[in-house]
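Novice: Just one file: work.pdb, with PDB, C-alpha atoms, pLDDT in the B column.
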```
ATOM      1  CA  MET A   1       9.917   3.579   2.300  1.00 70.00           C
ATOM      2  CA  VAL A   2       7.455   3.898  -0.574  1.00 65.00           C
ATOM      3  CA  ALA A   3       5.555   0.959  -2.013  1.00 67.00           C
ATOM      4  CA  ARG A   4       3.845   1.605  -5.350  1.00 64.00           C
ATOM      5  CA  VAL A   5       1.515  -0.748  -7.170  1.00 64.00           C
ATOM      6  CA  LEU A   6      -0.709  -0.545 -10.242  1.00 57.00           C
ATOM      7  CA  ARG A   7      -3.886  -2.501  -9.701  1.00 60.00           C
ATOM      8  CA  ASP A   8      -7.269  -2.767 -11.299  1.00 60.00           C
ATOM      9  CA  PHE A   9      -9.247  -3.175  -8.072  1.00 53.00           C
ATOM     10  CA  ASP A  10     -12.882  -4.147  -8.379  1.00 54.00           C
ATOM     11  CA  ARG A  11     -14.616  -0.790  -8.337  1.00 51.00           C
ATOM     12  CA  GLN A  12     -17.840  -2.406  -7.161  1.00 49.00           C
ATOM     13  CA  VAL A  13     -16.324  -3.283  -3.792  1.00 51.00           C
ATOM     14  CA  PHE A  14     -15.531  -0.609  -1.233  1.00 48.00           C
ATOM     15  CA  GLY A  15     -12.213  -1.262   0.484  1.00 55.00           C
ATOM     16  CA  ALA A  16      -8.695  -2.256  -0.325  1.00 59.00           C
ATOM     17  CA  ASP A  17      -7.542  -5.395  -2.051  1.00 72.00           C
ATOM     18  CA  GLN A  18      -6.829  -8.317   0.308  1.00 77.00           C
ATOM     19  CA  LYS A  19      -3.564  -9.300  -1.402  1.00 80.00           C
ATOM     20  CA  TYR A  20      -2.277  -5.716  -1.261  1.00 80.00           C
ATOM     21  CA  ASN A  21      -3.129  -5.543   2.449  1.00 83.00           C
ATOM     22  CA  GLU A  22      -1.324  -8.810   3.118  1.00 86.00           C
ATOM     23  CA  GLN A  23       1.799  -7.650   1.294  1.00 87.00           C
ATOM     24  CA  ILE A  24       1.933  -4.322   3.144  1.00 88.00           C
ATOM     25  CA  ASN A  25       1.401  -6.175   6.436  1.00 92.00           C
ATOM     26  CA  GLU A  26       4.367  -8.421   5.612  1.00 92.00           C
ATOM     27  CA  VAL A  27       6.547  -5.345   5.094  1.00 92.00           C
ATOM     28  CA  LEU A  28       5.338  -3.760   8.338  1.00 94.00           C
ATOM     29  CA  ASN A  29       5.862  -6.989  10.293  1.00 96.00           C
ATOM     30  CA  GLY A  30       9.354  -7.341   8.817  1.00 95.00           C
ATOM     31  CA  LEU A  31      10.298  -3.822   9.915  1.00 95.00           C
ATOM     32  CA  GLN A  32       8.959  -4.448  13.409  1.00 97.00           C
ATOM     33  CA  ASP A  33      10.749  -7.808  13.620  1.00 97.00           C
ATOM     34  CA  LYS A  34      13.993  -5.893  13.013  1.00 97.00           C
ATOM     35  CA  GLY A  35      13.200  -3.697  16.018  1.00 97.00           C
ATOM     36  CA  LEU A  36      12.132  -0.660  14.008  1.00 97.00           C
ATOM     37  CA  GLU A  37       9.272   1.564  15.132  1.00 96.00           C
ATOM     38  CA  ILE A  38       6.492   2.307  12.634  1.00 95.00           C
ATOM     39  CA  ILE A  39       5.725   6.017  12.901  1.00 96.00           C
ATOM     40  CA  ARG A  40       3.093   6.414  10.207  1.00 95.00           C
ATOM     41  CA  VAL A  41       1.537   4.620   7.230  1.00 92.00           C
ATOM     42  CA  GLU A  42       0.000   6.838   4.546  1.00 91.00           C
ATOM     43  CA  THR A  43      -1.808   5.737   1.410  1.00 86.00           C
ATOM     44  CA  ASN A  44      -2.765   7.569  -1.740  1.00 85.00           C
ATOM     45  CA  SER A  45      -4.523   6.479  -4.909  1.00 79.00           C
ATOM     46  CA  VAL A  46      -4.268   7.996  -8.362  1.00 79.00           C
ATOM     47  CA  PRO A  47      -6.880   6.746 -10.831  1.00 78.00           C
ATOM     48  CA  ASN A  48      -6.252   5.718 -14.434  1.00 75.00           C
ATOM     49  CA  GLN A  49      -2.446   5.508 -14.297  1.00 75.00           C
ATOM     50  CA  GLY A  50      -1.848   2.145 -15.880  1.00 68.00           C
ATOM     51  CA  ILE A  51      -2.669   0.249 -19.038  1.00 72.00           C
ATOM     52  CA  GLY A  52      -6.402  -0.248 -19.272  1.00 74.00           C
ATOM     53  CA  GLY A  53      -7.123   2.391 -16.647  1.00 74.00           C
ATOM     54  CA  ALA A  54      -5.553   0.654 -13.652  1.00 75.00           C
ATOM     55  CA  ASP A  55      -5.217   2.787 -10.547  1.00 78.00           C
ATOM     56  CA  ARG A  56      -1.890   3.544  -8.884  1.00 78.00           C
ATOM     57  CA  TYR A  57      -1.690   3.018  -5.130  1.00 80.00           C
ATOM     58  CA  ASP A  58       1.171   4.510  -3.143  1.00 85.00           C
ATOM     59  CA  THR A  59       1.947   3.582   0.441  1.00 88.00           C
ATOM     60  CA  LEU A  60       4.444   5.668   2.400  1.00 91.00           C
ATOM     61  CA  ILE A  61       5.811   3.953   5.504  1.00 92.00           C
ATOM     62  CA  THR A  62       7.674   6.181   7.951  1.00 94.00           C
ATOM     63  CA  TYR A  63       9.780   4.329  10.502  1.00 94.00           C
ATOM     64  CA  ARG A  64      12.807   4.696  12.766  1.00 94.00           C
TER      65      ARG A  64
END
```
Would you mind writing the file out in structure tokens?

Specialist:
Amino acid sequence: MVARVLRDFDRQVFGADQKYNEQINEVLNGLQDKGLEIIRVETNSVPNQGIGGADRYDTLITYR
């Protein structure tokens, strides 16, 4: 499963956005509630991909 989001995170703060974390956690919890095993969660960021220079954040969730 791939989750992709364009966000203009505050570049002054080191760390991920709280709302983004909460949404990914909801997805992970939902998968686990269905009895699926989370194998790996990978993230990647690509700067300046959106309007106004927003960054693109990809999250790859591997499960079985």

Novice: List every protein, DNA or RNA residue that has at least one atom no more than 12 Å from (3.4, -4.2, 6.2) in the file's coordinates, counting only C-alpha atoms, and write the result as a ChimeraX atom specification.

Specialist: /A:1-3,19-33,38,40-42,59-63

Novice: First collect every listed atom of range 31-35 of chain A; then fit an axis-aligned box around them, widen it by 6 Å on each side, and give centre and edge lengths in Å to one decimal, as JSON.

Specialist:
```
{"center_x": 11.5, "center_y": -5.8, "center_z": 13.0, "size_x": 17.0, "size_y": 16.1, "size_z": 18.1}
```

Novice: How many Å lie between CA of Asp17 in chain A and CA of Tyr57 in chain A, rounded to one decimal?

Specialist: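 Atom-to-atom, CA of Asp17 in chain A and CA of Tyr57 in chain A are spaced 10.7 Å apart.
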
Novice: As an exercise, work out the distance from CA of Glu37 in chain A to CA of Asp55 in chain A in Å and give it to one decimal place.

Specialist: 29.5 Å
